[in-house]
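Enquirer: So I've got this file, structure.cif, and it contains mmCIF, C-alpha atoms and all ligand atoms:
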data_entry
#
loop_
_atom_site.group_PDB
_atom_site.id
_atom_site.type_symbol
_atom_site.label_atom_id
_atom_site.label_comp_id
_atom_site.auth_asym_id
_atom_site.auth_seq_id
_atom_site.Cartn_x
_atom_site.Cartn_y
_atom_site.Cartn_z
ATOM 1 C CA MET A 1 49.258 19.516 30.634
ATOM 2 C CA ASN A 2 49.852 17.066 27.879
ATOM 3 C CA ILE A 3 48.975 13.878 29.767
ATOM 4 C CA PRO A 4 45.339 14.662 30.626
ATOM 5 C CA GLY A 5 44.756 15.566 26.993
ATOM 6 C CA VAL A 6 46.064 12.183 25.843
ATOM 7 C CA ILE A 7 43.934 10.341 28.365
ATOM 8 C CA LEU A 8 40.857 12.282 27.268
ATOM 9 C CA GLN A 9 41.564 11.471 23.644
ATOM 10 C CA ASN A 10 42.040 7.804 24.454
ATOM 11 C CA ASN A 11 38.828 7.775 26.456
ATOM 12 C CA MET A 12 36.953 9.295 23.552
ATOM 13 C CA GLN A 13 38.286 6.642 21.201
ATOM 14 C CA TRP A 14 37.353 3.964 23.702
ATOM 15 C CA LEU A 15 33.864 5.345 23.981
ATOM 16 C CA ASP A 16 33.467 5.425 20.212
ATOM 17 C CA TYR A 17 34.742 1.870 20.023
ATOM 18 C CA LEU A 18 32.426 0.723 22.809
ATOM 19 C CA LEU A 19 29.509 2.513 21.199
ATOM 20 C CA ILE A 20 30.079 0.759 17.864
ATOM 21 C CA ILE A 21 30.491 -2.629 19.565
ATOM 22 C CA SER A 22 27.381 -2.152 21.669
ATOM 23 C CA ILE A 23 25.360 -1.133 18.612
ATOM 24 C CA VAL A 24 26.540 -4.208 16.701
ATOM 25 C CA VAL A 25 25.803 -6.430 19.703
ATOM 26 C CA ALA A 26 22.387 -4.840 20.093
ATOM 27 C CA ILE A 27 21.564 -5.457 16.426
ATOM 28 C CA PHE A 28 22.676 -9.076 16.703
ATOM 29 C CA ALA A 29 20.731 -9.569 19.912
ATOM 30 C CA PHE A 30 17.670 -8.028 18.297
ATOM 31 C CA MET A 31 17.914 -10.296 15.241
ATOM 32 C CA LEU A 32 18.515 -13.409 17.315
ATOM 33 C CA GLY A 33 15.758 -12.459 19.733
ATOM 34 C CA ASN A 34 13.292 -11.978 16.909
ATOM 35 C CA ARG A 35 14.185 -15.300 15.386
ATOM 36 C CA GLY A 36 13.944 -17.017 18.754
ATOM 37 C CA MET A 37 10.529 -15.536 19.415
ATOM 38 C CA ARG A 38 9.243 -16.600 16.026
ATOM 39 C CA ARG A 39 10.482 -20.123 16.614
ATOM 40 C CA ALA A 40 8.964 -20.245 20.078
ATOM 41 C CA ASN A 41 5.659 -19.068 18.675
ATOM 42 C CA GLN A 42 5.688 -21.666 15.941
ATOM 43 C CA PHE A 43 6.498 -24.583 18.163
ATOM 44 C CA SER A 44 5.017 -23.890 21.567
ATOM 45 C CA ARG A 45 1.794 -22.273 20.425
ATOM 46 C CA PRO A 46 0.285 -23.941 17.393
ATOM 47 C CA PRO A 47 -2.876 -22.251 16.183
ATOM 48 C CA GLU A 48 -5.618 -23.563 18.397
ATOM 49 C CA ILE A 49 -9.241 -23.472 17.334
ATOM 50 C CA HIS A 50 -12.030 -23.826 19.834
ATOM 51 C CA THR A 51 -15.631 -24.696 19.273
ATOM 52 C CA GLU A 52 -18.359 -23.472 21.578
ATOM 53 C CA LEU A 53 -21.280 -25.836 21.859
ATOM 54 C CA VAL A 54 -24.637 -24.701 23.152
ATOM 55 C CA CYS A 55 -27.380 -26.974 24.379
ATOM 56 C CA SER A 56 -30.582 -26.280 22.510
ATOM 57 C CA ASP A 57 -32.644 -27.334 25.532
ATOM 58 C CA CYS A 58 -31.063 -25.500 28.447
ATOM 59 C CA GLY A 59 -28.543 -23.201 26.788
ATOM 60 C CA PHE A 60 -25.579 -24.726 28.635
ATOM 61 C CA LYS A 61 -22.357 -23.747 26.945
ATOM 62 C CA GLU A 62 -19.395 -26.028 26.554
ATOM 63 C CA ILE A 63 -16.080 -25.272 24.908
ATOM 64 C CA ARG A 64 -14.013 -27.992 23.368
ATOM 65 C CA ARG A 65 -11.307 -28.360 20.760
ATOM 66 C CA PHE A 66 -12.347 -27.788 17.176
ATOM 67 C CA LYS A 67 -13.004 -30.959 15.247
ATOM 68 C CA GLU A 68 -12.869 -31.309 11.505
ATOM 69 C CA GLY A 69 -16.295 -30.764 10.037
ATOM 70 C CA ASP A 70 -17.435 -28.347 12.718
ATOM 71 C CA TYR A 71 -19.364 -25.379 11.438
ATOM 72 C CA ILE A 72 -21.652 -22.862 13.072
ATOM 73 C CA GLY A 73 -25.139 -24.263 13.474
ATOM 74 C CA LEU A 74 -24.023 -27.887 13.167
ATOM 75 C CA GLU A 75 -25.834 -30.337 15.392
ATOM 76 C CA THR A 76 -22.905 -32.189 16.829
ATOM 77 C CA GLY A 77 -24.693 -35.230 18.137
ATOM 78 C CA GLU A 78 -22.868 -34.676 21.424
ATOM 79 C CA LYS A 79 -25.039 -34.652 24.513
ATOM 80 C CA CYS A 80 -25.325 -31.686 26.834
ATOM 81 C CA LYS A 81 -23.366 -32.375 29.988
ATOM 82 C CA LYS A 82 -26.020 -30.720 32.111
ATOM 83 C CA CYS A 83 -29.314 -32.073 30.804
ATOM 84 C CA GLY A 84 -28.390 -34.551 28.077
ATOM 85 C CA GLY A 85 -30.060 -32.491 25.376
ATOM 86 C CA PRO A 86 -28.746 -32.034 21.855
ATOM 87 C CA THR A 87 -25.976 -29.493 21.333
ATOM 88 C CA PHE A 88 -25.102 -27.407 18.331
ATOM 89 C CA VAL A 89 -22.071 -25.356 17.344
ATOM 90 C CA ASN A 90 -22.590 -21.747 18.386
ATOM 91 C CA LEU A 91 -19.143 -20.296 17.883
ATOM 92 C CA ILE A 92 -15.802 -21.229 16.374
ATOM 93 C CA TYR A 93 -12.890 -19.099 17.433
ATOM 94 C CA THR A 94 -9.199 -18.920 18.192
ATOM 95 C CA PRO A 95 -8.334 -17.617 21.640
ATOM 96 C CA THR A 96 -6.114 -14.566 21.221
ATOM 97 C CA SER A 97 -4.330 -14.989 24.536
ATOM 98 C CA PRO A 98 -4.130 -17.658 27.236
ATOM 99 C CA LEU A 99 -5.483 -15.157 29.746
ATOM 100 C CA GLU A 100 -8.664 -14.613 27.786
ATOM 101 C CA GLU A 101 -9.088 -18.341 27.395
ATOM 102 C CA LYS A 102 -9.288 -18.837 31.150
ATOM 103 C CA SER A 103 -11.827 -16.119 31.861
HETATM 104 ZN ZN ZN B 201 -28.701 -28.869 28.294
#
What would you get if you wrote out this structure as structure tokens?
Ligand SMILES: [Zn+2]
Expert:
Amino acid sequence: MNIPGVILQNNMQWLDYLLIISIVVAIFAFMLGNRGMRRANQFSRPPEIHTELVCSDCGFKEIRRFKEGDYIGLETGEKCKKCGGPTFVNLIYTPTSPLEEKS
């Protein structure tokens, strides 16, 4: 009669102990994970700005990396790849996700 009671008590203490340890581990993992994600974001995905050029002759759109001095409406002096006409900056944006960038 006495032995099962002792085992139960020990189990309860073990469970409490495990619970505390797992909570502490979870908090640590959460903190480390957050830090890791922030670092990964900083280093692997620098803010990328894209410029959309539109040909004023045929309307052909081309997207390239943002260059210093780009602004909306700027005539870039770059030739349209389709017809060789003059292109101007139509849009400057940062892609929110790599998936959207591809589409
Ligand atoms: Zn064109």
Enquirer: Box in all listed atoms of stretch 54-60 of chain A, axis-aligned, with 5 Å more on each side; write out centre and edge lengths in Å to one decimal as JSON.
Expert:
{"center_x": -28.6, "center_y": -25.3, "center_z": 25.6, "size_x": 18.0, "size_y": 14.1, "size_z": 16.1}
Enquirer: Which residues are near ligand ZN 201 (chain B) in this structure, taking near to mean any atom at most 10 Å from a ligand atom and counting all atoms listed in the file? Format them as a ChimeraX atom specification.
Expert: /A:54-62,79-87
Enquirer: With C-alpha atoms retained, could you export that selection as a short mmCIF file (atom, residue, chain, number, x, y, z; two decimals), in the frame of the given file?
Expert:
data_model
loop_
_atom_site.label_atom_id
_atom_site.label_comp_id
_atom_site.auth_asym_id
_atom_site.auth_seq_id
_atom_site.Cartn_x
_atom_site.Cartn_y
_atom_site.Cartn_z
CA VAL A 54 -24.64 -24.70 23.15
CA CYS A 55 -27.38 -26.97 24.38
CA SER A 56 -30.58 -26.28 22.51
CA ASP A 57 -32.64 -27.33 25.53
CA CYS A 58 -31.06 -25.50 28.45
CA GLY A 59 -28.54 -23.20 26.79
CA PHE A 60 -25.58 -24.73 28.64
CA LYS A 61 -22.36 -23.75 26.94
CA GLU A 62 -19.40 -26.03 26.55
CA LYS A 79 -25.04 -34.65 24.51
CA CYS A 80 -25.32 -31.69 26.83
CA LYS A 81 -23.37 -32.38 29.99
CA LYS A 82 -26.02 -30.72 32.11
CA CYS A 83 -29.31 -32.07 30.80
CA GLY A 84 -28.39 -34.55 28.08
CA GLY A 85 -30.06 -32.49 25.38
CA PRO A 86 -28.75 -32.03 21.86
CA THR A 87 -25.98 -29.49 21.33
#
Enquirer: Write out as a list in words each polymer residue whose atoms come within 8 Å of A:Thr76, counting all atoms listed in the file; drop sequence neighbours fewer than 2 positions from it.
Expert: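 Skipping anything fewer than 2 positions along the chain leaves Asp70, Leu74, Glu78, Pro86, Thr87, Phe88 and Val89 of chain A.
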Enquirer: Please expand the PyMOL selection byres (((chain A and resi 71) around 12) and not hetatm) into the concrete residues it hits in this file, giving the result as a list of chain:residue names.
Expert: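 What the PyMOL selection byres (((chain A and resi 71) around 12) and not hetatm) grabs from the file is A:Ile49, A:His50, A:Thr51, A:Glu52, A:Leu53, A:Phe66, A:Lys67, A:Glu68, A:Gly69, A:Asp70, A:Ile72, A:Gly73, A:Leu74, A:Glu75, A:Thr76, A:Phe88, A:Val89, A:Asn90, A:Leu91, A:Ile92, A:Tyr93.
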